[in-house]
>>> print(open('protein.txt').read())   # compact mmCIF, C-alpha atoms
# COMPACT_ATOMS: atom_id res chain seq x y z
CA MET M 721 -7.30 31.48 -13.89
CA THR M 722 -7.90 33.44 -10.67
CA ALA M 723 -5.26 33.89 -8.02
CA ARG M 724 -7.22 31.58 -5.72
CA ALA M 725 -7.40 28.89 -8.40
CA THR M 726 -3.67 29.24 -8.99
CA LEU M 727 -3.07 28.76 -5.27
CA VAL M 728 -5.17 25.59 -5.13
CA ALA M 729 -3.31 24.17 -8.13
CA GLY M 730 -0.05 25.03 -6.43
CA VAL M 731 -1.09 23.20 -3.26
CA THR M 732 -2.03 20.18 -5.36
CA LEU M 733 1.43 20.06 -6.91
CA LEU M 734 3.04 20.64 -3.52
CA ALA M 735 1.16 17.66 -2.07
CA ALA M 736 2.54 15.48 -4.84
CA ALA M 737 6.12 16.71 -4.50
CA GLY M 738 6.27 16.66 -0.72
CA SER M 739 4.16 13.61 -0.02
CA ALA M 740 7.14 11.52 1.05
CA ARG M 741 7.71 13.81 4.03
CA ALA M 742 6.00 13.26 7.32
CA GLU M 743 5.57 17.00 7.98
CA LYS M 744 2.46 18.75 6.73
CA GLN M 745 3.21 21.46 4.19
CA LEU M 746 1.28 24.75 4.38
CA VAL M 747 1.11 27.31 1.60
CA PHE M 748 0.56 30.98 2.34
CA PRO M 749 -1.12 33.38 -0.08
CA ALA M 750 1.06 36.21 -1.36
CA GLY M 751 1.10 39.08 1.08
CA SER M 752 -0.66 37.12 3.83
CA GLU M 753 0.65 35.80 7.12
CA GLN M 754 -2.14 33.21 7.50
CA PRO M 755 -2.74 30.06 5.43
CA LEU M 756 -5.78 30.05 3.21
CA ALA M 757 -8.71 28.99 5.38
CA ALA M 758 -10.00 26.55 2.78
CA LEU M 759 -6.70 24.67 2.84
CA GLN M 760 -6.17 24.31 6.57
CA ASP M 761 -8.22 21.10 6.77
CA ILE M 762 -6.30 19.20 4.08
CA ASP M 763 -4.54 16.31 5.76
CA VAL M 764 -4.38 12.55 6.20
CA ILE M 765 -5.04 11.22 9.69
CA GLU M 766 -4.03 7.57 9.70
CA HIS M 767 -6.53 5.11 11.19
CA ILE M 768 -4.50 1.92 10.95
CA GLY M 769 -6.52 -1.09 12.09
CA ASP M 770 -9.93 0.60 11.89
CA LYS M 771 -12.58 -0.95 9.67
CA VAL M 772 -14.35 0.99 6.95
CA PRO M 773 -18.08 1.52 7.61
CA ALA M 774 -20.49 -1.18 6.53
CA GLY M 775 -23.39 -0.46 4.21
CA LEU M 776 -21.77 2.27 2.09
CA THR M 777 -23.59 2.34 -1.26
CA PHE M 778 -22.20 3.86 -4.46
CA ALA M 779 -23.01 3.92 -8.17
CA ASP M 780 -20.72 2.33 -10.75
CA GLU M 781 -19.81 3.74 -14.17
CA ALA M 782 -23.09 2.39 -15.57
CA GLY M 783 -25.20 3.88 -12.77
CA ARG M 784 -25.84 0.56 -11.03
CA SER M 785 -26.03 0.54 -7.24
CA VAL M 786 -23.03 -1.20 -5.64
CA LYS M 787 -21.83 -1.74 -2.10
CA LEU M 788 -18.31 -1.63 -0.73
CA GLU M 789 -18.85 -5.04 0.86
CA SER M 790 -18.97 -6.57 -2.63
CA LEU M 791 -15.15 -6.21 -2.84
CA LEU M 792 -14.47 -7.53 0.65
CA GLY M 793 -14.29 -11.08 1.93
CA ARG M 794 -12.54 -12.45 -1.16
CA GLY M 795 -9.22 -13.13 0.50
CA LYS M 796 -7.53 -10.29 -1.39
CA PRO M 797 -6.37 -6.85 -0.23
CA VAL M 798 -8.14 -3.86 -1.76
CA LEU M 799 -6.26 -0.79 -2.99
CA VAL M 800 -8.49 2.30 -2.63
CA THR M 801 -8.09 5.78 -4.10
CA LEU M 802 -10.26 8.83 -3.44
CA GLY M 803 -10.23 11.61 -6.02
CA TYR M 804 -12.21 13.11 -8.88
CA HIS M 805 -11.90 12.97 -12.63
CA ARG M 806 -11.98 16.65 -13.49
CA CYS M 807 -8.75 16.88 -11.53
CA PRO M 808 -6.23 18.67 -13.76
CA MET M 809 -3.21 16.64 -12.70
CA LEU M 810 -2.83 14.98 -9.28
CA CYS M 811 -5.52 12.29 -9.40
CA GLY M 812 -4.32 11.02 -12.77
CA LEU M 813 -0.74 10.89 -11.54
CA ILE M 814 -1.77 8.84 -8.50
CA LEU M 815 -3.62 6.30 -10.63
CA ASP M 816 -0.77 6.07 -13.15
CA GLY M 817 1.76 5.61 -10.36
CA LEU M 818 -0.26 2.80 -8.79
CA VAL M 819 -0.62 1.02 -12.14
CA LYS M 820 3.13 1.28 -12.69
CA ALA M 821 3.98 0.05 -9.18
CA GLY M 822 1.49 -2.80 -9.38
CA GLY M 823 2.94 -4.01 -12.67
CA ALA M 824 6.53 -3.77 -11.44
CA SER M 825 5.73 -5.51 -8.14
CA GLY M 826 5.03 -8.83 -9.83
CA LEU M 827 1.54 -9.02 -8.31
CA ALA M 828 -1.44 -9.43 -10.63
CA LEU M 829 -4.50 -7.20 -10.47
CA GLY M 830 -7.56 -9.36 -9.93
CA LYS M 831 -5.55 -12.42 -8.89
CA ASP M 832 -3.47 -11.03 -6.00
CA PHE M 833 -5.28 -7.80 -5.18
CA LEU M 834 -8.29 -5.69 -6.13
CA ALA M 835 -8.44 -1.93 -6.62
CA LEU M 836 -11.20 0.65 -6.22
CA ASP M 837 -11.48 4.30 -7.18
CA VAL M 838 -14.18 6.39 -5.47
CA SER M 839 -15.00 9.89 -6.66
CA ILE M 840 -15.27 12.57 -3.99
CA ASP M 841 -17.16 14.81 -6.44
CA PRO M 842 -20.95 14.42 -5.94
CA THR M 843 -21.49 15.91 -9.43
CA GLU M 844 -19.05 13.49 -11.10
CA ASP M 845 -19.73 12.99 -14.82
CA PRO M 846 -20.39 9.23 -15.37
CA LYS M 847 -18.92 9.45 -18.89
CA LEU M 848 -15.71 10.96 -17.58
CA LEU M 849 -15.62 8.32 -14.84
CA ALA M 850 -15.95 5.52 -17.41
CA ALA M 851 -13.35 7.12 -19.69
CA THR M 852 -10.82 7.29 -16.85
CA GLN M 853 -11.49 3.68 -15.97
CA ARG M 854 -10.88 2.55 -19.55
CA ARG M 855 -7.62 4.50 -19.66
CA VAL M 856 -6.39 2.98 -16.39
CA LEU M 857 -7.36 -0.57 -17.39
CA ASP M 858 -5.67 -0.17 -20.77
CA LEU M 859 -2.55 1.04 -18.98
CA ALA M 860 -2.69 -1.90 -16.55
CA GLY M 861 -3.07 -4.42 -19.41
CA LYS M 862 -2.68 -8.16 -18.75
CA GLY M 863 -6.42 -8.73 -19.09
CA ALA M 864 -7.40 -6.29 -16.33
CA SER M 865 -11.18 -5.92 -16.19
CA ALA M 866 -13.67 -3.45 -14.74
CA ALA M 867 -14.50 -6.00 -12.04
CA ASP M 868 -10.85 -5.97 -10.91
CA TRP M 869 -10.68 -2.16 -10.67
CA PRO M 870 -14.15 -0.59 -10.44
CA PHE M 871 -14.66 3.17 -10.53
CA TRP M 872 -17.55 4.39 -8.38
CA ARG M 873 -19.29 7.63 -7.49
CA SER M 874 -21.74 8.58 -4.78
CA ASN M 875 -25.42 7.85 -5.34
CA GLY M 876 -27.43 11.05 -5.74
CA ASP M 877 -25.85 14.49 -5.42
CA SER M 878 -24.96 14.59 -1.72
CA GLY M 879 -21.72 12.61 -1.80
CA THR M 880 -22.35 11.28 1.69
CA ALA M 881 -20.99 7.77 0.97
CA ALA M 882 -17.70 9.11 -0.37
CA ARG M 883 -17.43 11.52 2.55
CA ALA M 884 -18.10 8.70 5.04
CA LEU M 885 -15.39 6.55 3.45
CA ALA M 886 -12.97 9.50 3.43
CA ASP M 887 -13.66 10.21 7.10
CA ALA M 888 -13.10 6.54 7.96
CA VAL M 889 -9.63 6.47 6.36
CA GLY M 890 -8.74 9.98 7.59
CA PHE M 891 -8.68 11.58 4.14
CA ARG M 892 -9.45 15.27 4.71
CA TYR M 893 -10.10 17.24 1.54
CA LYS M 894 -11.65 20.61 0.70
CA TYR M 895 -13.67 22.01 -2.19
CA ASP M 896 -12.71 25.45 -3.47
CA PRO M 897 -15.80 27.12 -4.99
CA ASP M 898 -13.80 29.76 -6.88
CA SER M 899 -11.70 27.29 -8.86
CA LYS M 900 -14.33 24.52 -8.64
CA GLN M 901 -11.58 22.09 -7.71
CA TYR M 902 -10.79 19.87 -4.73
CA ALA M 903 -7.61 20.25 -2.73
CA HIS M 904 -6.34 16.99 -1.26
CA GLU M 905 -3.21 14.97 -0.54
CA ALA M 906 -1.68 12.36 -2.83
CA VAL M 907 -2.36 9.08 -1.08
CA ALA M 908 -3.81 5.60 -1.61
CA PHE M 909 -5.20 3.25 1.01
CA VAL M 910 -4.72 -0.49 1.40
CA LEU M 911 -7.52 -2.47 3.04
CA THR M 912 -7.34 -6.02 4.33
CA PRO M 913 -9.71 -8.55 2.77
CA GLU M 914 -11.96 -7.98 5.78
CA GLY M 915 -12.05 -4.19 5.27
CA ALA M 916 -9.60 -3.00 7.93
CA ILE M 917 -7.19 -0.18 7.07
CA SER M 918 -3.76 -1.74 6.76
CA ARG M 919 -1.42 0.76 5.10
CA TYR M 920 -1.21 4.21 3.47
CA LEU M 921 0.82 4.75 0.29
CA TYR M 922 1.84 8.37 -0.20
CA GLY M 923 2.93 10.32 -3.25
CA VAL M 924 2.52 9.69 -6.96
CA GLU M 925 5.42 7.26 -7.36
CA TYR M 926 5.47 4.07 -5.33
CA PRO M 927 8.51 1.77 -4.99
CA PRO M 928 7.47 -1.69 -6.27
CA ARG M 929 8.95 -3.28 -3.13
CA ASP M 930 6.80 -1.10 -0.87
CA PHE M 931 3.73 -1.79 -3.00
CA ARG M 932 4.30 -5.55 -2.82
CA LEU M 933 5.07 -5.59 0.92
CA ALA M 934 1.95 -3.51 1.62
CA MET M 935 -0.20 -6.06 -0.22
CA VAL M 936 1.50 -9.04 1.44
CA GLU M 937 1.09 -7.40 4.85
CA ALA M 938 -2.57 -6.51 4.26
CA SER M 939 -3.38 -10.03 3.10
CA GLY M 940 -1.80 -11.62 6.14
CA GLY M 941 0.56 -13.58 3.91
CA ARG M 942 -2.17 -14.95 1.64
CA VAL M 943 -0.72 -12.94 -1.25
CA GLY M 944 2.81 -13.44 -2.54
CA THR M 945 5.33 -16.18 -1.84
CA SER M 946 6.98 -17.68 1.22
CA PHE M 947 10.02 -15.55 0.44
CA ASP M 948 7.81 -12.42 0.69
CA LYS M 949 6.92 -13.43 4.24
CA VAL M 950 10.62 -13.72 5.10
CA VAL M 951 11.32 -10.33 3.53
CA LEU M 952 8.39 -8.77 5.39
CA SER M 953 9.80 -10.09 8.67
CA CYS M 954 13.02 -8.20 7.89
CA TYR M 955 11.32 -4.94 6.94
CA ARG M 956 9.07 -2.63 8.91
CA TYR M 957 7.02 0.36 7.79
CA ASP M 958 8.68 3.58 8.96
CA PRO M 959 6.04 6.31 9.60
CA ALA M 960 8.71 9.01 9.47
CA THR M 961 9.83 8.22 5.93
CA ARG M 962 6.54 6.56 4.90
CA ARG M 963 8.54 3.70 3.43
CA TYR M 964 9.40 0.11 4.34
CA ALA M 965 12.89 -0.01 5.84
CA PRO M 966 15.17 -2.83 7.08
CA PHE M 967 14.27 -3.98 10.59
CA VAL M 968 17.57 -4.08 12.51
CA MET M 969 16.39 -6.54 15.15
CA ALA M 970 15.27 -8.98 12.46
CA PHE M 971 18.69 -8.94 10.84
CA MET M 972 20.32 -9.39 14.27
CA ARG M 973 18.11 -12.42 14.91
CA ILE M 974 19.00 -13.83 11.50
CA GLY M 975 22.71 -13.26 12.19
CA ALA M 976 22.42 -14.93 15.59
CA GLY M 977 20.60 -17.83 14.00
CA LEU M 978 23.31 -18.26 11.36
CA VAL M 979 26.01 -18.20 14.04
CA PHE M 980 24.10 -20.83 16.02
CA ILE M 981 23.73 -23.05 12.96
CA ALA M 982 27.44 -22.68 12.15
CA LEU M 983 28.37 -23.57 15.74
CA VAL M 984 26.12 -26.64 15.76
CA THR M 985 27.55 -27.74 12.40
CA LEU M 986 31.14 -27.35 13.65
CA LEU M 987 30.43 -29.28 16.84
CA THR M 988 28.73 -32.05 14.87
CA VAL M 989 31.72 -32.39 12.52
CA LEU M 990 34.19 -32.52 15.46
CA TRP M 991 32.02 -35.04 17.31
CA ARG M 992 31.87 -37.34 14.26
CA LYS M 993 35.65 -37.07 13.79
CA GLU M 994 36.21 -38.02 17.41
CA ILE M 995 33.95 -41.08 17.09
CA ALA M 996 35.78 -42.14 13.89
CA MET M 997 39.19 -41.83 15.60
CA ARG M 998 38.04 -43.95 18.54
CA LYS M 999 36.79 -46.65 16.21
CA ARG M 1000 40.13 -46.75 14.35
CA GLY M 1001 42.01 -46.95 17.67
CA THR M 1002 39.90 -49.89 18.83
CA LYS M 1003 40.49 -51.84 15.60
CA ALA M 1004 44.25 -51.18 15.74
CA SER M 1005 44.60 -52.58 19.30
CA ALA M 1006 42.60 -55.78 18.69
CA PRO M 1007 45.40 -57.83 16.79
CA THR M 1008 48.03 -56.90 19.38
CA THR M 1009 45.92 -58.32 22.13
CA ALA M 1010 45.45 -61.60 20.24
CA ARG M 1011 49.23 -62.11 19.64
CA THR M 1012 49.98 -61.53 23.29
CA ALA M 1013 47.56 -64.27 24.30
>>> encode(input="protein.txt", output="structure tokens")
Amino acid sequence: MTARATLVAGVTLLAAAGSARAEKQLVFPAGSEQPLAALQDIDVIEHIGDKVPAGLTFADEAGRSVKLESLLGRGKPVLVTLGYHRCPMLCGLILDGLVKAGGASGLALGKDFLALDVSIDPTEDPKLLAATQRRVLDLAGKGASAADWPFWRSNGDSGTAARALADAVGFRYKYDPDSKQYAHEAVAFVLTPEGAISRYLYGVEYPPRDFRLAMVEASGGRVGTSFDKVVLSCYRYDPATRRYAPFVMAFMRIGAGLVFIALVTLLTVLWRKEIAMRKRGTKASAPTTARTA
């Protein structure tokens, strides 16, 4: 392996290890004071609220033409990954981490959310694509099907559809011709059922709570339970930590509400006691009045 290839592999591992940090990590070649030019453009620029482009056409594992719109409008959020299947490590770790988080979240693939993997490699091997899909679906289990988690590649050899999708979600990656590998960050994207970018999930390990809240949030409450909506009102996504964290104001409102309820309950009890005492006093004075007459 060349020194340049070793550097790209090192950046890939660094992206996985440091993905939970908000700061961008730069790697410098040995003996150089400047970062490798090919790696300067690797980043994720969040476009929360933007919609993915319409009309993007891909090819599935069988070579059939498919459109991104076919996964939208079903009332379910869509979990999207961008990678390639010759990737020596990072892309597989991302997929495995998402499968693990999805299973532990209590949400069901196909029922509560859909997933999509798009290859950024215009020369992607369809057989390798299909093999990766089978591995991921086997890992997901519970009757997961190819329709629930399709794996697509760009039509033709230009890769324009994958690039357009990557640009829309702010996923900036770079191809290194020496190592013949792509350098990119470890990240997954959550789309609303209408195709708007709702949340970014960073790293290769995803807390089940964050995974579930991201899906509930993206679905507008159509996924999950009523309790999930309450929990989501108490948690907010923190861009600094890239995690969902307790929302202090929500807990203060809940505390104020509980105090108000307790106060109303106390006043109600005292009011009822006072009414009962008055009634007893009235009954006790009635016989005395009669004897006096």
>>> closest_residue(input="protein.txt", among="M:Leu857, M:Gly830, M:Gly879, M:Gly823", to="Thr843 (chain M)", atoms="all atoms listed in the file")
M:Gly879
>>> atom_distance(input="protein.txt", atom1="CA of Arg932 (chain M)", atom2="CA of Leu792 (chain M)")
19.2 Å
>>> closest_residue(input="protein.txt", among="M:Glu844, M:Glu781, M:Asp816, M:Asp770", to="Tyr804 (chain M)", atoms="all atoms listed in the file")
M:Glu844
>>> atom_distance(input="protein.txt", atom1="CA of Ala881 (chain M)", atom2="CA of Ala864 (chain M)")
26.1 Å
>>> closest_residue(input="protein.txt", among="M:Ala779, M:Leu791, M:Val819, M:Val907", to="Asp845 (chain M)", atoms="only C-alpha atoms")
M:Ala779
>>> build_atoms(input="protein.txt", residues="region 986-997 of chain M", atoms="N, CA and C atoms", output="mmCIF file, keeping the file's coordinate frame")
data_model
loop_
_atom_site.group_PDB
_atom_site.id
_atom_site.type_symbol
_atom_site.label_atom_id
_atom_site.label_comp_id
_atom_site.auth_asym_id
_atom_site.auth_seq_id
_atom_site.Cartn_x
_atom_site.Cartn_y
_atom_site.Cartn_z
ATOM 1 N N LEU M 986 29.750 -27.114 13.278
ATOM 2 C CA LEU M 986 31.140 -27.350 13.650
ATOM 3 C C LEU M 986 31.249 -28.412 14.737
ATOM 4 N N LEU M 987 30.388 -28.307 15.758
ATOM 5 C CA LEU M 987 30.430 -29.280 16.840
ATOM 6 C C LEU M 987 30.064 -30.678 16.347
ATOM 7 N N THR M 988 29.131 -30.749 15.428
ATOM 8 C CA THR M 988 28.730 -32.050 14.870
ATOM 9 C C THR M 988 29.880 -32.686 14.107
ATOM 10 N N VAL M 989 30.579 -31.877 13.284
ATOM 11 C CA VAL M 989 31.720 -32.390 12.520
ATOM 12 C C VAL M 989 32.814 -32.895 13.466
ATOM 13 N N LEU M 990 33.149 -32.118 14.507
ATOM 14 C CA LEU M 990 34.190 -32.520 15.460
ATOM 15 C C LEU M 990 33.783 -33.779 16.220
ATOM 16 N N TRP M 991 32.501 -33.866 16.572
ATOM 17 C CA TRP M 991 32.020 -35.040 17.310
ATOM 18 C C TRP M 991 32.127 -36.301 16.450
ATOM 19 N N ARG M 992 31.780 -36.190 15.161
ATOM 20 C CA ARG M 992 31.870 -37.340 14.260
ATOM 21 C C ARG M 992 33.328 -37.755 14.042
ATOM 22 N N LYS M 993 34.233 -36.754 13.944
ATOM 23 C CA LYS M 993 35.650 -37.070 13.790
ATOM 24 C C LYS M 993 36.182 -37.813 15.011
ATOM 25 N N GLU M 994 35.744 -37.372 16.182
ATOM 26 C CA GLU M 994 36.210 -38.020 17.410
ATOM 27 C C GLU M 994 35.723 -39.470 17.485
ATOM 28 N N ILE M 995 34.495 -39.714 17.105
ATOM 29 C CA ILE M 995 33.950 -41.080 17.090
ATOM 30 C C ILE M 995 34.732 -41.941 16.110
ATOM 31 N N ALA M 996 35.031 -41.391 14.903
ATOM 32 C CA ALA M 996 35.780 -42.140 13.890
ATOM 33 C C ALA M 996 37.171 -42.495 14.385
ATOM 34 N N MET M 997 37.853 -41.572 15.080
ATOM 35 C CA MET M 997 39.190 -41.830 15.600
ATOM 36 C C MET M 997 39.149 -42.915 16.672
#
